[in-house]
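K.L.:
Input protein-v7.cif, format and content: mmCIF, C-alpha atoms (C1' of nucleotides).
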data_final
#
loop_
_atom_site.label_atom_id
_atom_site.label_comp_id
_atom_site.auth_asym_id
_atom_site.auth_seq_id
_atom_site.Cartn_x
_atom_site.Cartn_y
_atom_site.Cartn_z
CA MET J 11 -42.43 -24.02 -6.52
CA GLU J 12 -39.31 -21.92 -6.46
CA LYS J 13 -37.56 -21.46 -3.21
CA GLY J 14 -38.11 -18.08 -1.69
CA LEU J 15 -37.32 -15.94 -4.69
CA LYS J 16 -38.38 -12.35 -4.68
CA MET J 17 -39.44 -10.36 -7.68
CA THR J 18 -37.60 -7.17 -6.97
CA GLY J 19 -37.55 -4.05 -9.07
CA GLN J 20 -34.00 -4.75 -10.11
CA ARG J 21 -34.80 -8.21 -11.32
CA ARG J 22 -37.79 -6.99 -13.21
CA VAL J 23 -35.63 -4.44 -14.98
CA ILE J 24 -32.85 -6.88 -15.77
CA ALA J 25 -35.32 -9.44 -17.02
CA ARG J 26 -36.84 -6.85 -19.31
CA VAL J 27 -33.49 -5.77 -20.66
CA LEU J 28 -32.68 -9.39 -21.37
CA SER J 29 -35.86 -10.29 -23.13
CA ASP J 30 -35.69 -7.09 -25.15
CA ALA J 31 -32.14 -7.82 -26.22
CA GLU J 32 -31.78 -8.95 -29.79
CA ASP J 33 -28.07 -9.35 -29.42
CA HIS J 34 -25.74 -11.05 -26.97
CA PRO J 35 -24.79 -8.45 -24.39
CA ASP J 36 -22.11 -8.93 -21.79
CA VAL J 37 -22.63 -7.98 -18.17
CA GLU J 38 -21.24 -4.52 -18.61
CA GLU J 39 -23.66 -3.86 -21.44
CA LEU J 40 -26.57 -5.30 -19.45
CA TYR J 41 -25.61 -3.05 -16.60
CA ARG J 42 -25.57 -0.04 -18.88
CA ARG J 43 -28.98 -0.80 -20.32
CA ALA J 44 -30.48 -1.64 -16.96
CA SER J 45 -29.09 1.55 -15.48
CA GLU J 46 -30.95 3.55 -18.06
CA LEU J 47 -34.22 2.12 -16.86
CA ASP J 48 -33.31 2.28 -13.20
CA PRO J 49 -30.11 4.05 -12.16
CA ARG J 50 -29.96 2.53 -8.72
CA ILE J 51 -28.99 -0.93 -9.96
CA SER J 52 -25.45 -2.04 -9.24
CA VAL J 53 -23.16 -4.25 -11.30
CA ALA J 54 -23.04 -6.72 -8.47
CA THR J 55 -26.76 -7.22 -8.80
CA VAL J 56 -26.48 -7.75 -12.52
CA TYR J 57 -23.82 -10.37 -11.96
CA ARG J 58 -25.87 -12.03 -9.26
CA THR J 59 -29.03 -12.00 -11.33
CA VAL J 60 -27.37 -13.30 -14.41
CA ARG J 61 -25.82 -16.14 -12.47
CA LEU J 62 -29.14 -16.95 -10.88
CA LEU J 63 -30.89 -17.04 -14.20
CA GLU J 64 -28.21 -19.18 -15.72
CA GLU J 65 -28.47 -21.69 -12.91
CA LYS J 66 -32.19 -21.83 -13.47
CA GLY J 67 -31.64 -22.50 -17.15
CA ILE J 68 -33.32 -19.29 -18.18
CA LEU J 69 -30.18 -17.74 -19.56
CA GLU J 70 -27.29 -19.20 -21.48
CA ARG J 71 -23.78 -17.96 -21.25
CA ARG J 72 -21.86 -17.59 -24.48
CA ASP J 73 -18.22 -17.07 -25.22
CA PHE J 74 -17.52 -15.43 -28.53
CA GLY J 75 -14.02 -14.52 -27.50
CA GLY J 76 -13.06 -11.17 -26.06
CA GLY J 77 -12.83 -12.13 -22.42
CA ARG J 78 -16.30 -11.35 -21.16
CA ALA J 79 -19.20 -13.72 -20.95
CA ARG J 80 -22.22 -12.89 -23.06
CA TYR J 81 -25.78 -13.85 -22.38
CA GLU J 82 -28.97 -14.62 -24.19
CA VAL J 83 -32.32 -16.06 -23.27
CA SER J 84 -32.09 -19.80 -23.36
CA GLU J 85 -33.62 -21.68 -26.24
CA HIS J 86 -31.86 -24.92 -25.46
CA GLY J 87 -29.65 -24.95 -28.47
CA ARG J 88 -32.44 -24.29 -30.86
CA HIS J 89 -30.39 -21.80 -32.79
CA TYR J 90 -26.73 -21.38 -33.53
CA HIS J 91 -24.20 -18.71 -34.33
CA LEU J 92 -22.08 -17.88 -37.29
CA ILE J 93 -19.37 -15.39 -36.50
CA ASP J 94 -17.97 -13.34 -39.34
CA VAL J 95 -14.25 -13.53 -38.68
CA ASP J 96 -13.63 -10.26 -40.46
CA THR J 97 -16.29 -8.07 -38.91
CA GLY J 98 -16.94 -9.97 -35.69
CA LYS J 99 -20.66 -9.80 -36.40
CA VAL J 100 -22.78 -12.62 -35.07
CA LEU J 101 -25.40 -14.15 -37.31
CA GLU J 102 -28.01 -16.53 -35.95
CA PHE J 103 -29.50 -19.46 -37.76
CA GLU J 104 -31.40 -22.63 -37.10
CA ASP J 105 -31.44 -26.02 -38.66
CA GLU J 106 -33.80 -28.83 -37.84
CA GLU J 107 -31.64 -31.35 -39.60
CA HIS J 108 -28.74 -30.40 -37.40
CA GLU J 109 -30.65 -30.82 -34.21
CA ASP J 110 -31.69 -34.31 -35.22
CA LEU J 111 -28.17 -35.21 -36.20
CA MET J 112 -26.88 -34.07 -32.83
CA ARG J 113 -29.47 -36.08 -31.01
CA ARG J 114 -28.46 -39.13 -32.99
CA ILE J 115 -24.79 -38.58 -32.29
CA ALA J 116 -25.34 -38.11 -28.58
CA SER J 117 -27.50 -41.19 -28.51
CA ARG J 118 -24.89 -43.18 -30.38
CA LEU J 119 -22.44 -42.24 -27.63
CA GLY J 120 -24.92 -43.26 -24.98
CA PHE J 121 -26.10 -39.83 -23.96
CA GLU J 122 -29.35 -37.97 -23.80
CA LEU J 123 -28.84 -34.59 -25.43
CA ILE J 124 -29.62 -31.80 -23.01
CA SER J 125 -28.24 -28.75 -24.67
CA MET J 126 -25.67 -27.75 -27.22
CA ARG J 127 -23.56 -24.97 -28.45
CA LEU J 128 -22.50 -24.48 -32.02
CA GLU J 129 -20.45 -21.70 -33.43
CA LEU J 130 -19.30 -21.41 -37.00
CA PHE J 131 -16.53 -19.06 -37.94
CA GLY J 132 -16.58 -18.01 -41.53
CA ARG J 133 -15.68 -15.42 -44.09
CA ARG J 134 -18.20 -13.78 -46.35
CA ILE J 135 -18.00 -15.07 -49.88
CA PRO J 136 -18.04 -12.18 -52.33
CA GLU J 137 -21.13 -12.68 -54.39
CA PRO J 138 -20.54 -13.15 -58.13
CA GLU J 139 -21.27 -9.53 -58.78
CA ALA J 140 -24.05 -9.18 -61.25
CA ALA J 141 -24.23 -5.62 -60.07
CA GLN J 142 -23.00 -2.50 -61.79
CA THR J 143 -19.49 -2.17 -63.12
CA GLU J 144 -17.37 -2.93 -60.15
CA SER J 145 -13.80 -3.10 -61.32
CA LYS J 146 -12.19 -2.79 -57.92
CA ARG J 147 -12.98 -5.66 -55.67
CA SER J 148 -9.47 -5.66 -54.35
CA LYS J 149 -10.29 -4.96 -50.75
CA ALA J 150 -12.92 -7.61 -50.29
CA ALA J 151 -11.08 -10.23 -52.25
CA ARG J 152 -7.74 -9.73 -50.58
CA GLY J 153 -6.84 -12.85 -48.66
CA LYS J 154 -5.19 -16.19 -48.94
CA GLY J 155 -4.92 -17.72 -52.33
CA THR J 156 -7.35 -20.57 -52.02
CA ARG J 157 -11.01 -20.30 -51.56
CA LYS J 158 -13.88 -22.51 -52.40
CA ALA J 159 -17.42 -21.52 -52.97
CA MET S 2 10.45 -19.13 -41.65
CA GLU S 3 8.65 -17.42 -38.82
CA LYS S 4 9.61 -13.92 -37.87
CA GLY S 5 12.34 -13.90 -35.34
CA LEU S 6 11.01 -16.56 -33.06
CA LYS S 7 13.37 -18.34 -30.76
CA MET S 8 13.10 -21.91 -29.67
CA THR S 9 13.81 -21.57 -26.00
CA GLY S 10 13.89 -24.25 -23.41
CA GLN S 11 10.63 -23.03 -21.94
CA ARG S 12 8.85 -23.17 -25.27
CA ARG S 13 10.16 -26.60 -25.96
CA VAL S 14 8.81 -27.81 -22.64
CA ILE S 15 5.44 -26.17 -23.06
CA ALA S 16 5.11 -27.50 -26.58
CA ARG S 17 5.85 -30.97 -25.34
CA VAL S 18 3.33 -30.72 -22.52
CA LEU S 19 0.74 -29.60 -25.02
CA SER S 20 1.30 -32.28 -27.59
CA ASP S 21 1.40 -34.92 -24.89
CA ALA S 22 -1.86 -33.71 -23.42
CA GLU S 23 -4.78 -35.95 -24.13
CA ASP S 24 -7.16 -33.65 -22.33
CA HIS S 25 -7.93 -29.93 -22.40
CA PRO S 26 -5.77 -28.33 -19.72
CA ASP S 27 -6.13 -24.76 -18.59
CA VAL S 28 -3.14 -22.49 -18.10
CA GLU S 29 -2.76 -23.38 -14.46
CA GLU S 30 -2.61 -27.05 -15.32
CA LEU S 31 -0.19 -26.44 -18.15
CA TYR S 32 1.97 -24.50 -15.77
CA ARG S 33 1.91 -27.35 -13.27
CA ARG S 34 2.86 -29.93 -15.85
CA ALA S 35 5.53 -27.76 -17.39
CA SER S 36 6.96 -26.99 -13.98
CA GLU S 37 7.50 -30.67 -13.41
CA LEU S 38 9.70 -30.87 -16.45
CA ASP S 39 11.43 -27.59 -15.79
CA PRO S 40 10.80 -25.79 -12.51
CA ARG S 41 12.13 -22.45 -13.66
CA ILE S 42 9.18 -21.75 -15.94
CA SER S 43 6.82 -18.99 -14.83
CA VAL S 44 3.08 -18.67 -15.33
CA ALA S 45 3.63 -15.52 -17.30
CA THR S 46 5.60 -17.48 -19.84
CA VAL S 47 2.90 -20.08 -20.11
CA TYR S 48 0.34 -17.35 -20.73
CA ARG S 49 2.58 -15.70 -23.27
CA THR S 50 3.36 -18.93 -25.06
CA VAL S 51 -0.21 -20.05 -25.16
CA ARG S 52 -1.28 -16.73 -26.58
CA LEU S 53 1.45 -16.87 -29.17
CA LEU S 54 0.50 -20.35 -30.26
CA GLU S 55 -3.13 -19.42 -30.45
CA GLU S 56 -2.37 -16.45 -32.66
CA LYS S 57 -0.38 -18.72 -34.90
CA GLY S 58 -3.33 -21.07 -35.15
CA ILE S 59 -1.43 -23.90 -33.51
CA LEU S 60 -3.60 -23.94 -30.42
CA GLU S 61 -7.30 -23.48 -29.94
CA ARG S 62 -8.86 -21.98 -26.89
CA ARG S 63 -11.92 -23.68 -25.48
CA ASP S 64 -14.48 -22.64 -22.94
CA PHE S 65 -16.19 -25.50 -21.20
CA GLY S 66 -17.38 -23.27 -18.41
CA GLY S 67 -15.58 -22.82 -15.14
CA GLY S 68 -13.94 -19.51 -15.80
CA ARG S 69 -10.59 -20.53 -17.20
CA ALA S 70 -9.66 -20.96 -20.79
CA ARG S 71 -8.64 -24.42 -21.87
CA TYR S 72 -6.39 -25.33 -24.72
CA GLU S 73 -5.80 -28.08 -27.19
CA VAL S 74 -3.75 -28.54 -30.31
CA SER S 75 -5.69 -27.13 -33.20
CA GLU S 76 -7.39 -29.47 -35.61
CA HIS S 77 -9.60 -26.87 -37.19
CA GLY S 78 -12.87 -28.18 -35.91
CA ARG S 79 -12.22 -31.68 -37.01
CA HIS S 80 -13.52 -33.09 -33.77
CA TYR S 81 -16.09 -32.01 -31.25
CA HIS S 82 -16.89 -32.29 -27.59
CA LEU S 83 -19.63 -33.88 -25.58
CA ILE S 84 -19.65 -32.72 -22.00
CA ASP S 85 -21.22 -34.98 -19.42
CA VAL S 86 -23.29 -32.56 -17.39
CA ASP S 87 -23.15 -34.76 -14.32
CA THR S 88 -19.46 -35.55 -14.17
CA GLY S 89 -18.04 -32.68 -16.20
CA LYS S 90 -16.03 -35.15 -18.24
CA VAL S 91 -15.29 -34.22 -21.81
CA LEU S 92 -15.72 -36.79 -24.52
CA GLU S 93 -14.40 -36.21 -28.02
CA PHE S 94 -15.97 -37.40 -31.22
CA GLU S 95 -15.86 -36.75 -34.91
CA ASP S 96 -18.43 -36.87 -37.63
CA GLU S 97 -17.80 -36.44 -41.30
CA GLU S 98 -21.45 -35.93 -42.00
CA HIS S 99 -21.50 -33.06 -39.59
CA GLU S 100 -18.62 -31.27 -41.15
CA ASP S 101 -20.28 -31.43 -44.54
CA LEU S 102 -23.55 -30.21 -43.15
CA MET S 103 -21.81 -27.24 -41.55
CA ARG S 104 -20.09 -26.37 -44.77
CA ARG S 105 -23.42 -26.45 -46.56
CA ILE S 106 -25.07 -24.28 -43.95
CA ALA S 107 -22.30 -21.71 -44.01
CA SER S 108 -22.39 -21.69 -47.76
CA ARG S 109 -26.15 -21.24 -47.74
CA LEU S 110 -25.61 -18.16 -45.63
CA GLY S 111 -22.97 -16.89 -48.00
CA PHE S 112 -19.92 -17.79 -45.98
CA GLU S 113 -16.85 -19.88 -46.41
CA LEU S 114 -16.47 -22.04 -43.33
CA ILE S 115 -13.16 -21.40 -41.64
CA SER S 116 -13.51 -23.08 -38.30
CA MET S 117 -16.17 -24.20 -35.92
CA ARG S 118 -16.88 -25.09 -32.39
CA LEU S 119 -19.43 -27.62 -31.29
CA GLU S 120 -20.22 -28.70 -27.81
CA LEU S 121 -22.93 -31.09 -26.79
CA PHE S 122 -24.12 -31.27 -23.23
CA GLY S 123 -25.71 -34.52 -22.30
CA ARG S 124 -26.51 -37.01 -19.61
CA ARG S 125 -25.43 -40.60 -19.70
CA ILE S 126 -28.23 -43.00 -20.52
CA PRO S 127 -27.98 -46.10 -18.35
CA GLU S 128 -27.43 -48.87 -20.86
CA PRO S 129 -29.71 -51.84 -20.50
CA GLU S 130 -26.87 -54.25 -19.77
CA ALA S 131 -27.43 -56.93 -22.35
CA ALA S 132 -24.65 -59.42 -21.94
CA GLN S 133 -26.01 -62.61 -23.41
CA THR S 134 -29.31 -62.94 -21.66
CA GLU S 135 -31.92 -61.47 -23.92
CA SER S 136 -34.71 -62.19 -21.49
CA LYS S 137 -34.14 -59.34 -19.04
CA ARG S 138 -33.65 -56.82 -21.78
CA SER S 139 -37.29 -56.04 -22.32
CA LYS S 140 -37.87 -55.09 -18.76
CA ALA S 141 -34.86 -52.84 -18.55
CA ALA S 142 -35.61 -51.13 -21.83
CA ARG S 143 -39.10 -50.15 -20.82
CA GLY S 144 -38.06 -47.72 -18.19
CA LYS S 145 -37.57 -44.77 -20.45
CA GLY S 146 -38.41 -42.45 -17.62
CA THR S 147 -36.04 -44.15 -15.27
CA ARG S 148 -33.05 -41.96 -15.34
CA LYS S 149 -30.46 -41.36 -12.76
CA ALA S 150 -27.03 -39.91 -12.99
"C1'" DC X 22 -41.97 -9.70 10.57
"C1'" DT X 23 -37.93 -11.84 8.43
"C1'" DA X 24 -35.54 -14.18 4.97
"C1'" DA X 25 -34.13 -12.75 0.50
"C1'" DT X 26 -31.90 -9.07 -1.92
"C1'" DT X 27 -29.18 -5.00 -2.70
"C1'" DG X 28 -25.23 -1.57 -2.84
"C1'" DC X 29 -20.81 -0.69 -1.83
"C1'" DA X 30 -16.41 -1.52 -1.55
"C1'" DA X 31 -12.97 -4.83 -0.73
"C1'" DA X 32 -11.18 -9.15 -2.49
"C1'" DA X 33 -10.62 -12.94 -5.52
"C1'" DA X 34 -9.54 -14.93 -9.86
"C1'" DG X 35 -7.54 -14.86 -14.28
"C1'" DT X 36 -4.61 -12.59 -17.47
"C1'" DT X 37 -1.48 -8.97 -19.06
"C1'" DT X 38 2.60 -6.07 -18.82
"C1'" DG X 39 6.96 -3.13 -17.62
"C1'" DC X 40 11.50 -3.87 -16.93
"C1'" DA X 41 16.09 -5.66 -16.14
"C1'" DA X 42 18.46 -9.86 -16.76
"C1'" DC X 43 19.10 -13.55 -20.04
"C1'" DC X 44 20.05 -16.42 -24.01
"C1'" DA X 45 19.17 -18.28 -28.86
"C1'" DT X 46 20.73 -16.98 -33.17
"C1'" DA F 7 26.39 -8.57 -30.43
"C1'" DT F 8 21.42 -8.08 -30.07
"C1'" DG F 9 16.77 -8.56 -30.41
"C1'" DG F 10 13.55 -11.96 -28.84
"C1'" DT F 11 12.38 -14.08 -24.27
"C1'" DT F 12 11.92 -14.74 -19.36
"C1'" DG F 13 10.86 -14.07 -14.34
"C1'" DC F 14 8.98 -11.30 -11.09
"C1'" DA F 15 5.91 -8.43 -9.37
"C1'" DA F 16 2.78 -4.91 -10.07
"C1'" DA F 17 -1.29 -3.71 -12.76
"C1'" DC F 18 -5.58 -4.86 -15.05
"C1'" DT F 19 -9.98 -6.83 -15.93
"C1'" DT F 20 -13.76 -9.47 -14.84
"C1'" DT F 21 -16.41 -11.66 -11.33
"C1'" DT F 22 -17.38 -12.78 -6.48
"C1'" DT F 23 -18.33 -11.73 -1.68
"C1'" DG F 24 -18.92 -9.79 3.29
"C1'" DC F 25 -21.79 -6.94 5.57
"C1'" DA F 26 -25.18 -3.60 6.93
"C1'" DA F 27 -29.25 -1.61 5.10
"C1'" DT F 28 -33.44 -2.52 2.53
"C1'" DT F 29 -37.59 -4.81 0.85
"C1'" DA F 30 -40.86 -8.31 -1.04
"C1'" DG F 31 -43.94 -11.70 0.56
#
Could I get this structure in the form of structure tokens?
P.N.:
Amino acid sequence: MEKGLKMTGQRRVIARVLSDAEDHPDVEELYRRASELDPRISVATVYRTVRLLEEKGILERRDFGGGRARYEVSEHGRHYHLIDVDTGKVLEFEDEEHEDLMRRIASRLGFELISMRLELFGRRIPEPEAAQTESKRSKAARGKGTRKA
Amino acid sequence: MEKGLKMTGQRRVIARVLSDAEDHPDVEELYRRASELDPRISVATVYRTVRLLEEKGILERRDFGGGRARYEVSEHGRHYHLIDVDTGKVLEFEDEEHEDLMRRIASRLGFELISMRLELFGRRIPEPEAAQTESKRSKAARGKGTRKA
DNA sequence: CTAATTGCAAAAAGTTTGCAACCAT
DNA sequence: ATGGTTGCAAACTTTTTGCAATTAG
């Protein structure tokens, strides 16, 4: 099937690091993790492997800002990302309804939906604290005047 | 008023290029267009201006793949992009329903939606050219598997 | 065996920055 | 006048690549 691809030790290691990853590491981070498992891997190989896997549709490149590309195992837009603008943390979520809507929209425009990318940027809404006496919510609440919940 | 910002000739030119742009130019392209209006502008200034405007929320940086950052006047996620995977062309569209859905999803996760980014990747579906003759429509519509770019 | 793959280091590509000259305010 | 701004080139950062050595199939 595939051309003449070889399953080398390096690729095995990188593949493992990737499938073990619960986050969205950039190349530098992949390199670091891979190096732990096998110190003789070079960055160039990580770059080459990552590019190869992306071309094959196995990996998806993400851009959450910050200059470097980040990667995750491809699920063909089956889940999305919500980035907390204050902490920079990335939260994943899915939504069947959304996927259908996208397919309809693409179709309406005359396209077959192949993949998609959705990123929401939001700010945590301070929960109506039913907790203990918390008289100082100044820090969390400090922001612009308007907010809707 | 803004801090101590100056409205220089260069900024005026770059601002004009940006608001005139119907597409999503990268810095190199912005530089080229700006240079036409005023040849003494340098790339560094374009980079600096673009960064400034992004920080001020006036511009939004996009990543459609291809290494360079692309820019467009900010509309706070009021429109989205459909990238034709075969031609690389970017098509814009809006969808009220979608915006509401996103707000609901963010809210469900405990976040106030601030901005979002949505990109669809799709392949053009050859339209069964139905001018007035209804007769040849059936035949053309059957070929669901017939797809070519 | 031999084409694919790797490491290394050099090079490319994209973006940022130090500094002296410059120019809106 | 004077502090923000610019151009230029050097510096950085991230990613790619040429080439000889290495290795999976």
K.L.:
Pull out every residue that the PyMOL selection byres ((chain F and resi 17) around 8) matches in the shown coordinates and put them as an MDAnalysis selection string.
P.N.:
(chainID X and resid 38) or (chainID F and resid 16 18)
K.L.:
Under the PyMOL selection byres ((chain X) within 12 of (chain S)), which residues of this model are included? Write them out as a list in words.
P.N.:
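Going through the file, the PyMOL selection byres ((chain X) within 12 of (chain S)) ends up selecting DA34, DG35, DT36, DT37, DT38, DC43, DC44, DA45 and DT46 of chain X.
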K.L.:
Taking all atoms listed in the file into account, find every residue of chain F that has an atom no more than 10 Å from chain J, and write it out as a CSV table (one decimal) with C-alpha atoms (C1' of nucleotides), in the frame of the given file.
P.N.:
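Produced file out.csv, reproduced below:
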chain,number,residue,atom,x,y,z
F,19,DT,C1',-10.0,-6.8,-15.9
F,20,DT,C1',-13.8,-9.5,-14.8
F,21,DT,C1',-16.4,-11.7,-11.3
F,22,DT,C1',-17.4,-12.8,-6.5
F,23,DT,C1',-18.3,-11.7,-1.7
F,29,DT,C1',-37.6,-4.8,0.8
F,30,DA,C1',-40.9,-8.3,-1.0
F,31,DG,C1',-43.9,-11.7,0.6
K.L.:
Got a sec to align chain S on chain J by every in-order Cα pair and hand back the fitted coordinates as a tab-separated table (two decimals) with C-alpha atoms, in the frame of the given file?
P.N.:
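This went into out-v3.tsv:
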chain	number	residue	atom	x	y	z
S	2	MET	CA	-45.28	-21.84	-8.68
S	3	GLU	CA	-41.63	-21.21	-8.00
S	4	LYS	CA	-40.33	-21.50	-4.50
S	5	GLY	CA	-40.59	-18.26	-2.68
S	6	LEU	CA	-39.30	-16.00	-5.37
S	7	LYS	CA	-40.16	-12.36	-5.26
S	8	MET	CA	-40.69	-10.14	-8.23
S	9	THR	CA	-38.75	-7.10	-7.17
S	10	GLY	CA	-38.23	-3.93	-9.05
S	11	GLN	CA	-34.63	-4.84	-9.74
S	12	ARG	CA	-35.55	-8.20	-11.20
S	13	ARG	CA	-38.20	-6.67	-13.35
S	14	VAL	CA	-35.69	-4.22	-14.76
S	15	ILE	CA	-33.03	-6.82	-15.36
S	16	ALA	CA	-35.51	-9.15	-17.00
S	17	ARG	CA	-36.59	-6.37	-19.29
S	18	VAL	CA	-33.03	-5.48	-20.22
S	19	LEU	CA	-32.39	-9.11	-21.02
S	20	SER	CA	-35.42	-9.71	-23.17
S	21	ASP	CA	-34.83	-6.45	-24.99
S	22	ALA	CA	-31.23	-7.36	-25.69
S	23	GLU	CA	-30.56	-8.34	-29.25
S	24	ASP	CA	-26.93	-9.04	-28.52
S	25	HIS	CA	-25.01	-11.02	-25.91
S	26	PRO	CA	-24.18	-8.60	-23.11
S	27	ASP	CA	-21.84	-9.40	-20.27
S	28	VAL	CA	-22.68	-8.57	-16.67
S	29	GLU	CA	-21.02	-5.20	-16.81
S	30	GLU	CA	-23.08	-4.25	-19.82
S	31	LEU	CA	-26.25	-5.56	-18.25
S	32	TYR	CA	-25.48	-3.51	-15.20
S	33	ARG	CA	-24.98	-0.40	-17.31
S	34	ARG	CA	-28.24	-0.87	-19.15
S	35	ALA	CA	-30.17	-1.72	-16.03
S	36	SER	CA	-28.71	1.27	-14.24
S	37	GLU	CA	-30.15	3.52	-16.89
S	38	LEU	CA	-33.62	2.29	-16.12
S	39	ASP	CA	-33.11	2.23	-12.39
S	40	PRO	CA	-29.93	3.71	-10.94
S	41	ARG	CA	-30.25	2.04	-7.57
S	42	ILE	CA	-29.40	-1.41	-8.89
S	43	SER	CA	-26.04	-2.82	-7.85
S	44	VAL	CA	-23.69	-5.11	-9.75
S	45	ALA	CA	-24.07	-7.70	-7.06
S	46	THR	CA	-27.75	-7.92	-7.82
S	47	VAL	CA	-27.10	-8.30	-11.50
S	48	TYR	CA	-24.69	-11.14	-10.77
S	49	ARG	CA	-27.15	-12.75	-8.42
S	50	THR	CA	-30.05	-12.41	-10.81
S	51	VAL	CA	-28.12	-13.69	-13.75
S	52	ARG	CA	-26.99	-16.70	-11.78
S	53	LEU	CA	-30.51	-17.36	-10.62
S	54	LEU	CA	-31.90	-17.18	-14.12
S	55	GLU	CA	-29.20	-19.43	-15.42
S	56	GLU	CA	-29.94	-22.04	-12.79
S	57	LYS	CA	-33.57	-21.88	-13.76
S	58	GLY	CA	-32.63	-22.47	-17.37
S	59	ILE	CA	-34.00	-19.11	-18.45
S	60	LEU	CA	-30.62	-17.72	-19.39
S	61	GLU	CA	-27.63	-19.29	-21.05
S	62	ARG	CA	-24.09	-18.29	-20.39
S	63	ARG	CA	-21.79	-17.92	-23.36
S	64	ASP	CA	-18.07	-17.60	-23.69
S	65	PHE	CA	-16.93	-15.85	-26.82
S	66	GLY	CA	-13.52	-15.19	-25.38
S	67	GLY	CA	-12.53	-12.00	-23.66
S	68	GLY	CA	-12.76	-13.13	-20.09
S	69	ARG	CA	-16.31	-12.21	-19.18
S	70	ALA	CA	-19.34	-14.37	-19.38
S	71	ARG	CA	-22.05	-13.27	-21.75
S	72	TYR	CA	-25.71	-14.03	-21.52
S	73	GLU	CA	-28.72	-14.51	-23.69
S	74	VAL	CA	-32.24	-15.77	-23.23
S	75	SER	CA	-32.17	-19.52	-23.47
S	76	GLU	CA	-33.43	-21.20	-26.59
S	77	HIS	CA	-31.91	-24.56	-25.87
S	78	GLY	CA	-29.40	-24.56	-28.66
S	79	ARG	CA	-31.89	-23.63	-31.27
S	80	HIS	CA	-29.54	-21.13	-32.83
S	81	TYR	CA	-25.80	-20.85	-33.13
S	82	HIS	CA	-23.08	-18.27	-33.44
S	83	LEU	CA	-20.59	-17.33	-36.08
S	84	ILE	CA	-17.89	-15.05	-34.77
S	85	ASP	CA	-16.10	-12.84	-37.24
S	86	VAL	CA	-12.49	-13.26	-36.22
S	87	ASP	CA	-11.52	-9.89	-37.63
S	88	THR	CA	-14.24	-7.70	-36.18
S	89	GLY	CA	-15.35	-9.82	-33.23
S	90	LYS	CA	-18.95	-9.41	-34.33
S	91	VAL	CA	-21.32	-12.22	-33.52
S	92	LEU	CA	-23.71	-13.44	-36.15
S	93	GLU	CA	-26.56	-15.78	-35.29
S	94	PHE	CA	-27.96	-18.49	-37.48
S	95	GLU	CA	-30.08	-21.57	-37.26
S	96	ASP	CA	-30.08	-24.84	-39.09
S	97	GLU	CA	-32.63	-27.57	-38.76
S	98	GLU	CA	-30.39	-30.05	-40.48
S	99	HIS	CA	-27.74	-29.41	-37.90
S	100	GLU	CA	-29.97	-30.02	-34.97
S	101	ASP	CA	-31.02	-33.36	-36.39
S	102	LEU	CA	-27.46	-34.34	-37.09
S	103	MET	CA	-26.49	-33.53	-33.51
S	104	ARG	CA	-29.33	-35.58	-32.16
S	105	ARG	CA	-28.22	-38.51	-34.29
S	106	ILE	CA	-24.63	-38.17	-33.17
S	107	ALA	CA	-25.54	-38.00	-29.51
S	108	SER	CA	-27.81	-40.96	-29.93
S	109	ARG	CA	-25.08	-42.90	-31.68
S	110	LEU	CA	-22.93	-42.31	-28.64
S	111	GLY	CA	-25.70	-43.44	-26.35
S	112	PHE	CA	-26.86	-40.06	-25.16
S	113	GLU	CA	-30.03	-38.07	-25.19
S	114	LEU	CA	-29.20	-34.59	-26.42
S	115	ILE	CA	-30.14	-31.99	-23.86
S	116	SER	CA	-28.48	-28.86	-25.09
S	117	MET	CA	-25.62	-27.80	-27.26
S	118	ARG	CA	-23.29	-25.02	-28.03
S	119	LEU	CA	-21.85	-24.30	-31.42
S	120	GLU	CA	-19.57	-21.52	-32.40
S	121	LEU	CA	-18.02	-21.00	-35.78
S	122	PHE	CA	-15.07	-18.72	-36.23
S	123	GLY	CA	-14.67	-17.38	-39.69
S	124	ARG	CA	-13.42	-14.62	-41.91
S	125	ARG	CA	-15.60	-12.67	-44.25
S	126	ILE	CA	-15.15	-13.61	-47.88
S	127	PRO	CA	-15.17	-10.51	-50.06
S	128	GLU	CA	-18.18	-11.02	-52.27
S	129	PRO	CA	-17.57	-10.57	-55.95
S	130	GLU	CA	-19.97	-7.65	-56.25
S	131	ALA	CA	-22.25	-8.78	-59.03
S	132	ALA	CA	-24.84	-6.10	-59.46
S	133	GLN	CA	-26.08	-6.54	-62.99
S	134	THR	CA	-22.88	-6.60	-64.94
S	135	GLU	CA	-21.94	-10.20	-65.44
S	136	SER	CA	-18.82	-9.32	-67.36
S	137	LYS	CA	-16.57	-8.36	-64.45
S	138	ARG	CA	-17.63	-11.31	-62.39
S	139	SER	CA	-15.19	-13.77	-63.86
S	140	LYS	CA	-12.21	-11.69	-63.04
S	141	ALA	CA	-13.25	-11.06	-59.48
S	142	ALA	CA	-14.12	-14.67	-58.84
S	143	ARG	CA	-10.74	-15.95	-59.90
S	144	GLY	CA	-8.86	-14.45	-57.05
S	145	LYS	CA	-9.46	-17.21	-54.59
S	146	GLY	CA	-6.22	-16.39	-52.87
S	147	THR	CA	-7.02	-12.74	-52.69
S	148	ARG	CA	-8.24	-12.31	-49.21
S	149	LYS	CA	-8.16	-9.34	-47.00
S	150	ALA	CA	-10.06	-8.52	-43.90
K.L.:
What residues in chain J lie within 10 Å of chain S, counting all atoms listed in the file, written as a PyMOL selection string?
P.N.:
chain J and resi 71-75+77+79+87+90-95+101+103-105+107-108+111-113+115-117+119-137+157-159
K.L.:
For CA of Val60 in chain J and CA of Tyr81 in chain J, quote the distance in Å rounded to one decimal.
P.N.:
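Pair CA of Val60 in chain J / CA of Tyr81 in chain J returns 8.1 Å.
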